[in-house]
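To be precise, the following lines are protein_13.cif, and they hold mmCIF, C-alpha atoms.
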data_input
loop_
_atom_site.label_atom_id
_atom_site.label_comp_id
_atom_site.auth_asym_id
_atom_site.auth_seq_id
_atom_site.Cartn_x
_atom_site.Cartn_y
_atom_site.Cartn_z
CA MET A 1 0.00 0.00 0.00
CA SER A 2 1.30 3.44 -0.83
CA ASN A 3 2.13 5.75 2.06
CA THR A 4 1.52 8.91 0.07
CA LYS A 5 -1.68 10.62 -0.91
CA LYS A 6 -1.80 12.73 -4.03
CA ARG A 7 -4.05 15.67 -4.79
CA LYS A 8 -4.13 17.35 -8.17
CA LEU A 9 -5.76 20.73 -8.71
CA PRO A 10 -6.64 21.77 -12.25
CA ILE A 11 -8.35 25.09 -12.88
CA LEU A 12 -10.14 25.48 -16.20
CA LEU A 13 -12.09 28.21 -17.89
CA ALA A 14 -15.39 27.82 -19.77
CA VAL A 15 -17.74 30.81 -19.64
CA LEU A 16 -15.76 31.58 -16.61
CA ALA A 17 -14.83 28.40 -14.81
CA ILE A 18 -12.36 27.26 -12.24
CA ALA A 19 -11.93 23.69 -11.13
CA ALA A 20 -10.24 22.06 -8.18
CA LEU A 21 -9.31 18.39 -8.13
CA ILE A 22 -8.75 16.59 -4.88
CA ALA A 23 -7.00 13.26 -5.37
CA SER A 24 -5.65 11.04 -2.64
CA THR A 25 -4.25 7.63 -1.91
CA VAL A 26 -3.40 6.96 1.71
CA GLY A 27 -0.88 9.38 3.16
CA GLY A 28 1.01 12.81 2.01
CA ALA A 29 -0.39 15.60 -0.26
CA ARG A 30 0.16 17.20 -3.64
CA ALA A 31 -1.88 19.51 -5.87
CA ALA A 32 -1.60 21.07 -9.31
CA LEU A 33 -3.30 23.98 -11.06
CA THR A 34 -3.67 24.47 -14.79
CA ILE A 35 -5.44 26.93 -17.06
CA LYS A 36 -7.43 26.07 -20.17
CA SER A 37 -8.68 28.28 -22.98
CA ASP A 38 -11.25 31.07 -22.79
CA GLU A 39 -14.64 30.71 -24.46
CA TYR A 40 -17.71 32.89 -24.99
CA GLU A 41 -15.73 36.04 -24.27
CA THR A 42 -17.57 38.30 -26.72
CA GLN A 43 -21.04 36.95 -26.02
CA PHE A 44 -20.78 37.17 -22.25
CA GLU A 45 -18.53 40.20 -21.72
CA MET A 46 -15.90 38.13 -19.98
CA TYR A 47 -13.82 41.13 -18.94
CA HIS A 48 -16.32 41.93 -16.17
CA ILE A 49 -16.54 38.45 -14.74
CA GLY A 50 -14.56 37.00 -11.85
CA ILE A 51 -15.02 33.85 -9.82
CA THR A 52 -13.19 32.33 -6.86
CA LEU A 53 -13.46 28.88 -5.31
CA ASN A 54 -13.05 28.84 -1.52
CA GLU A 55 -12.02 25.96 0.70
CA ASN A 56 -12.45 26.26 4.47
CA SER A 57 -12.90 30.06 4.15
CA LYS A 58 -9.72 30.53 2.09
CA PRO A 59 -9.50 31.18 -1.67
CA VAL A 60 -7.81 28.27 -3.43
CA ALA A 61 -8.54 28.97 -7.10
CA TRP A 62 -9.72 32.04 -8.97
CA ARG A 63 -9.85 33.84 -12.29
CA ASN A 64 -10.77 37.49 -12.65
CA TYR A 65 -11.00 39.77 -15.68
CA LYS A 66 -10.50 43.30 -14.37
CA ASP A 67 -10.93 45.55 -17.39
CA GLU A 68 -11.47 45.71 -21.14
CA ALA A 69 -7.74 45.32 -21.69
CA TRP A 70 -8.18 41.68 -20.65
CA HIS A 71 -5.94 41.88 -17.64
CA VAL A 72 -6.27 38.45 -16.09
CA ASP A 73 -5.81 37.93 -12.35
CA VAL A 74 -4.82 34.30 -11.69
CA PRO A 75 -2.83 32.59 -8.95
CA THR A 76 0.86 33.07 -9.75
CA TYR A 77 2.52 29.86 -8.69
CA LYS A 78 5.56 28.31 -10.28
CA ASN A 79 4.41 26.32 -13.31
CA GLU A 80 0.84 27.32 -12.42
CA ARG A 81 0.76 24.91 -9.50
CA ALA A 82 -0.98 25.44 -6.17
CA VAL A 83 -1.70 23.41 -3.08
CA LEU A 84 -5.20 22.17 -2.34
CA LEU A 85 -5.79 20.31 0.93
CA GLY A 86 -2.12 20.59 1.69
CA ASN A 87 -3.13 20.80 5.31
CA MET A 88 -5.94 18.43 6.09
CA GLN A 89 -8.33 19.69 8.77
CA THR A 90 -10.19 17.72 11.39
CA MET A 91 -13.79 18.62 12.17
CA ASP A 92 -12.64 21.02 14.91
CA GLY A 93 -10.43 22.87 12.42
CA LYS A 94 -7.11 21.47 13.63
CA PRO A 95 -4.45 20.12 11.24
CA ALA A 96 -4.91 16.42 10.52
CA GLU A 97 -1.70 14.46 10.89
CA ASP A 98 -2.70 11.57 8.62
CA PHE A 99 -5.51 10.70 6.25
CA ALA A 100 -7.72 7.80 7.36
CA TYR A 101 -10.55 5.96 5.67
CA GLY A 102 -13.85 6.30 7.50
CA THR A 103 -12.82 9.59 9.11
CA MET A 104 -14.81 12.77 8.46
CA TYR A 105 -12.75 15.84 7.53
CA LYS A 106 -13.76 19.47 7.34
CA GLU A 107 -14.19 20.43 3.68
CA GLU A 108 -16.24 23.63 3.46
CA LEU A 109 -16.58 24.79 -0.15
CA SER A 110 -18.12 28.01 -1.44
CA VAL A 111 -17.85 30.45 -4.35
CA THR A 112 -17.09 34.19 -4.33
CA ASN A 113 -18.06 36.65 -7.05
CA SER A 114 -14.67 38.30 -7.45
CA GLY A 115 -15.64 40.13 -10.64
CA ALA A 116 -17.23 43.50 -11.43
CA ILE A 117 -20.79 42.40 -12.28
CA ASP A 118 -23.42 40.21 -10.64
CA GLU A 119 -23.48 36.65 -11.92
CA TYR A 120 -25.19 33.28 -11.67
CA VAL A 121 -22.93 30.43 -10.64
CA ARG A 122 -22.93 26.66 -10.72
CA VAL A 123 -20.52 23.99 -9.54
CA THR A 124 -19.81 20.61 -11.09
CA ILE A 125 -18.49 17.84 -8.85
CA ARG A 126 -16.95 14.64 -10.22
CA LYS A 127 -15.93 11.67 -8.08
CA TYR A 128 -14.00 8.63 -9.32
CA TRP A 129 -11.08 6.28 -8.66
CA LEU A 130 -7.85 5.82 -10.62
CA ASP A 131 -5.22 3.11 -10.56
CA GLU A 132 -1.48 3.76 -10.59
CA LYS A 133 -1.53 4.05 -14.39
CA GLY A 134 -4.30 6.67 -14.39
CA ASN A 135 -7.04 4.28 -15.49
CA LYS A 136 -10.47 4.38 -13.85
CA ILE A 137 -11.23 1.62 -11.38
CA THR A 138 -14.84 0.62 -11.97
CA ALA A 139 -14.78 -1.90 -9.12
CA LEU A 140 -14.71 1.00 -6.66
CA THR A 141 -17.91 3.04 -6.67
CA PRO A 142 -17.86 6.86 -6.46
CA ASP A 143 -20.37 6.47 -3.61
CA LEU A 144 -17.44 5.51 -1.38
CA ILE A 145 -16.27 9.14 -1.69
CA ASP A 146 -18.66 11.28 0.32
CA LEU A 147 -18.29 15.01 -0.31
CA HIS A 148 -21.29 15.95 1.81
CA LEU A 149 -23.57 18.52 0.19
CA THR A 150 -25.39 21.08 2.29
CA GLU A 151 -29.18 21.31 2.35
CA GLY A 152 -31.41 24.38 2.34
CA SER A 153 -28.50 26.65 1.44
CA GLY A 154 -29.86 28.00 -1.85
CA TRP A 155 -28.05 25.44 -4.01
CA ILE A 156 -30.19 23.07 -6.10
CA GLU A 157 -29.10 19.89 -7.85
CA ASP A 158 -29.74 19.11 -11.49
CA THR A 159 -31.39 15.71 -11.03
CA THR A 160 -31.79 15.05 -14.77
CA LEU A 161 -28.21 13.78 -15.03
CA ASN A 162 -27.67 10.04 -15.33
CA ASP A 163 -24.05 9.91 -14.28
CA PRO A 164 -23.04 8.44 -10.89
CA GLU A 165 -19.71 10.25 -11.09
CA ARG A 166 -21.09 13.74 -11.67
CA THR A 167 -23.20 16.15 -9.61
CA VAL A 168 -24.15 19.64 -10.85
CA LEU A 169 -25.41 22.32 -8.47
CA TYR A 170 -26.85 25.73 -9.33
CA TYR A 171 -27.06 28.65 -6.91
CA THR A 172 -30.61 29.98 -7.23
CA LYS A 173 -29.84 33.65 -6.55
CA PRO A 174 -27.57 36.01 -8.47
CA LEU A 175 -24.27 36.31 -6.64
CA LYS A 176 -23.58 40.01 -6.17
CA ILE A 177 -20.18 41.65 -6.57
CA GLY A 178 -17.94 40.57 -3.73
CA GLU A 179 -20.56 38.23 -2.27
CA VAL A 180 -19.63 34.80 -0.94
CA SER A 181 -22.15 32.05 -1.57
CA PRO A 182 -23.43 29.76 1.16
CA LEU A 183 -21.50 26.49 1.47
CA PHE A 184 -22.38 23.83 -1.08
CA ALA A 185 -20.29 21.17 0.69
CA ASP A 186 -19.08 20.89 4.27
CA THR A 187 -17.32 17.56 4.92
CA LEU A 188 -15.31 14.88 3.13
CA THR A 189 -15.27 11.21 4.11
CA VAL A 190 -13.88 8.24 2.20
CA SER A 191 -15.68 5.15 3.41
CA GLY A 192 -13.83 2.41 5.23
CA GLU A 193 -15.88 -0.04 3.13
CA VAL A 194 -13.20 0.37 0.47
CA LYS A 195 -11.04 -2.02 2.49
CA LYS A 196 -13.51 -4.85 1.85
CA HIS A 197 -12.71 -4.88 -1.87
CA VAL A 198 -10.18 -7.72 -1.93
CA THR A 199 -9.21 -10.54 -4.30
CA GLN A 200 -7.79 -13.70 -2.76
CA THR A 201 -5.24 -15.91 -4.47
CA THR A 202 -5.48 -19.49 -3.21
CA GLU A 203 -3.85 -22.85 -3.72
CA THR A 204 -4.68 -26.35 -2.55
CA LYS A 205 -2.37 -28.04 -0.11
CA GLY A 206 -3.21 -31.53 1.07
CA ASP A 207 -6.85 -31.66 2.13
CA GLY A 208 -7.39 -27.91 2.38
CA THR A 209 -7.30 -24.63 0.49
CA VAL A 210 -4.84 -22.02 1.67
CA VAL A 211 -5.04 -18.30 1.00
CA VAL A 212 -1.69 -17.36 -0.48
CA LYS A 213 -2.26 -13.65 -1.09
CA ASN A 214 -4.84 -10.90 -0.51
CA THR A 215 -4.90 -8.23 -3.22
CA TYR A 216 -6.78 -5.07 -2.21
CA THR A 217 -8.45 -3.12 -4.98
CA TYR A 218 -7.69 0.18 -3.28
CA ASP A 219 -3.96 -0.61 -2.89
CA GLY A 220 -2.21 2.04 -4.98
CA ALA A 221 -5.56 3.57 -5.96
CA THR A 222 -6.30 7.28 -5.97
CA PHE A 223 -9.68 8.74 -5.12
CA CYS A 224 -10.49 11.89 -7.07
CA VAL A 225 -12.93 14.73 -6.52
CA ASP A 226 -13.12 17.43 -9.21
CA VAL A 227 -14.87 20.66 -8.21
CA GLU A 228 -15.47 23.13 -11.04
CA ALA A 229 -17.12 26.53 -10.56
CA ASP A 230 -18.66 28.49 -13.46
CA GLY A 231 -20.20 31.95 -13.66
CA VAL A 232 -22.31 33.81 -16.24
CA GLN A 233 -23.57 37.39 -16.19
CA THR A 234 -27.12 38.13 -15.05
CA HIS A 235 -28.00 40.09 -18.22
CA ASN A 236 -30.13 37.84 -20.43
CA ALA A 237 -29.23 35.08 -17.99
CA GLU A 238 -31.75 32.50 -19.22
CA ASP A 239 -30.28 32.60 -22.73
CA ALA A 240 -26.72 32.79 -21.41
CA ILE A 241 -27.19 29.74 -19.19
CA SER A 242 -28.89 27.80 -21.98
CA SER A 243 -26.10 28.61 -24.44
CA ALA A 244 -23.16 28.15 -22.09
CA TRP A 245 -24.34 25.31 -19.88
CA GLY A 246 -27.00 23.65 -22.03
CA ARG A 247 -29.62 23.83 -19.27
CA ALA A 248 -33.06 25.38 -19.64
CA VAL A 249 -33.91 27.53 -16.62
CA THR A 250 -36.50 30.07 -15.60
CA ILE A 251 -35.62 33.22 -13.67
CA ASP A 252 -38.53 35.00 -11.97
CA GLU A 253 -38.97 38.70 -11.18
CA SER A 254 -37.04 38.35 -7.92
CA GLY A 255 -34.07 36.86 -9.79
CA THR A 256 -34.59 33.35 -8.43
CA LEU A 257 -33.46 30.54 -10.75
CA SER A 258 -35.39 27.31 -11.19
CA PHE A 259 -35.24 24.46 -13.68
CA LYS A 260 -37.72 24.11 -16.52
#
Please rewrite the model in this file as structure tokens.
Amino acid sequence: MSNTKKRKLPILLAVLAIAALIASTVGGARAALTIKSDEYETQFEMYHIGITLNENSKPVAWRNYKDEAWHVDVPTYKNERAVLLGNMQTMDGKPAEDFAYGTMYKEELSVTNSGAIDEYVRVTIRKYWLDEKGNKITALTPDLIDLHLTEGSGWIEDTTLNDPERTVLYYTKPLKIGEVSPLFADTLTVSGEVKKHVTQTTETKGDGTVVVKNTYTYDGATFCVDVEADGVQTHNAEDAISSAWGRAVTIDESGTLSFK
């Protein structure tokens, strides 16, 4: 079993999108941040938009367009790398010495409108497992990775998706300039049930069968949680959301978003 846990942090841009990837095996920490290409800049006046992803009340990933000259404010780390979950926190906010299956960790996630106009935001969460070669492990269900979502916080889930690895949440109110959204997630737990996924190699000796080797599916595996935040302007928001995110929504006179 590996004694290191790895976390990779990509940030990517769609309408305006940032994404954080948490990935871990069983001990240590690492994260990476990357930038992808801009899209929809003319249609959605990208130079006014800014969005920040917060973890445990601290900004961990952001992208802000400050003016029409397309000055981009992004984290300036060597090789565009940053640390996510470099310091694991216990539920009382203290540093966690080691990662443990079945243990609940504090993982409070929110979004800040760090731009110059109000915007609607959504987050996309992906959970999956990878082997040492980067291939998905289908024998381990994403349900073993519990990024607990908050309830009654103003975030609603798109339940039309048929993908066990992906959850999409929309914040129902426009996020005003400088405003921090309510939490959409608050804890992270990787189930201890993962340890029950084992393959036994046996051989017959005399009158009995002897277990020669136990091979654990999770040995050398990496659990992954991608968190991507997107924002679109509130002007003509129904059309903008439909065009950018492919989701039909209705926005009432109070500005509240709901699904069609």
Using only C-alpha atoms, which of A:Thr159, A:Ser114, A:Ile241, A:Val121 sits nearest Pro182 of chain A?
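Of the candidates, the smallest distance to Pro182 of chain A is held by A:Val121.
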Which is closer to Gly102 of chain A than all the others in A:Ile145, A:Ile51, A:Ile117, A:Val190, using all atoms listed in the file?
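Comparing A:Ile145, A:Ile51, A:Ile117, A:Val190 against Gly102 of chain A, the winner is A:Val190.
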Between A:Gly246, A:Gly154, A:Pro142, A:Pro174, which has the minimum distance to Tyr120 of chain A (counting only C-alpha atoms)?
A:Pro174
Which protein, DNA or RNA residues are at most 7 Å from (-13.3, 23.0, 0.3) in the file's coordinates when you count only C-alpha atoms, listed as a list in words?
Asn54, Glu55, Asn56, Glu107, Glu108 and Leu109 of chain A
Translate the PyMOL selection byres ((chain A and resi 175) around 8), as applied to the file shown, into an explicit residue set as a count of residues only.
13
What does the structure give for the distance between atom CA of Lys195 of chain A and atom CA of Tyr218 of chain A, in Å to one decimal?
7.0 Å
Evaluate the PyMOL selection byres ((chain A and resi 143) around 9) on the structure here and hand back the selected residues as a PyMOL selection string.
chain A and resi 127-128+140-142+144-146+164-165+190-191
Counting only C-alpha atoms, figure out which residue out of A:Asp230, A:Phe223, A:Gly192, A:Ala139 gets nearest to Asn64 of chain A.
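Closest residue, counting only C-alpha atoms: A:Asp230.
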Counting all atoms listed in the file, which of A:Trp62, A:Trp155, A:Phe99, A:Phe259 gets nearest to Thr167 of chain A?
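Going through A:Trp62, A:Trp155, A:Phe99, A:Phe259 one by one, the smallest distance to Thr167 of chain A is for A:Trp155.
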With all atoms listed in the file as the basis for distance, which of A:Leu188, A:Arg126, A:Ala248, A:Leu147 is at the shortest distance from Asp163 of chain A?
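Ranking A:Leu188, A:Arg126, A:Ala248, A:Leu147 by distance to Asp163 of chain A, first place goes to A:Arg126.
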Take atom CA of Gln233 of chain A and atom CA of His148 of chain A and report the distance between them in Å, one decimal.
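Result for atom CA of Gln233 of chain A versus atom CA of His148 of chain A: 28.1 Å, one decimal.
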Report the distance between atom CA of Ile137 of chain A and atom CA of Glu193 of chain A in Å, rounded to one decimal place.
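Computed distance, atom CA of Ile137 of chain A to atom CA of Glu193 of chain A, equals 15.3 Å.
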Kindly resolve the PyMOL selection byres ((chain A and resi 251-256) around 7) on the present coordinates and return the residues as a ChimeraX atom specification.
/A:172-174,238,249-250,257-258
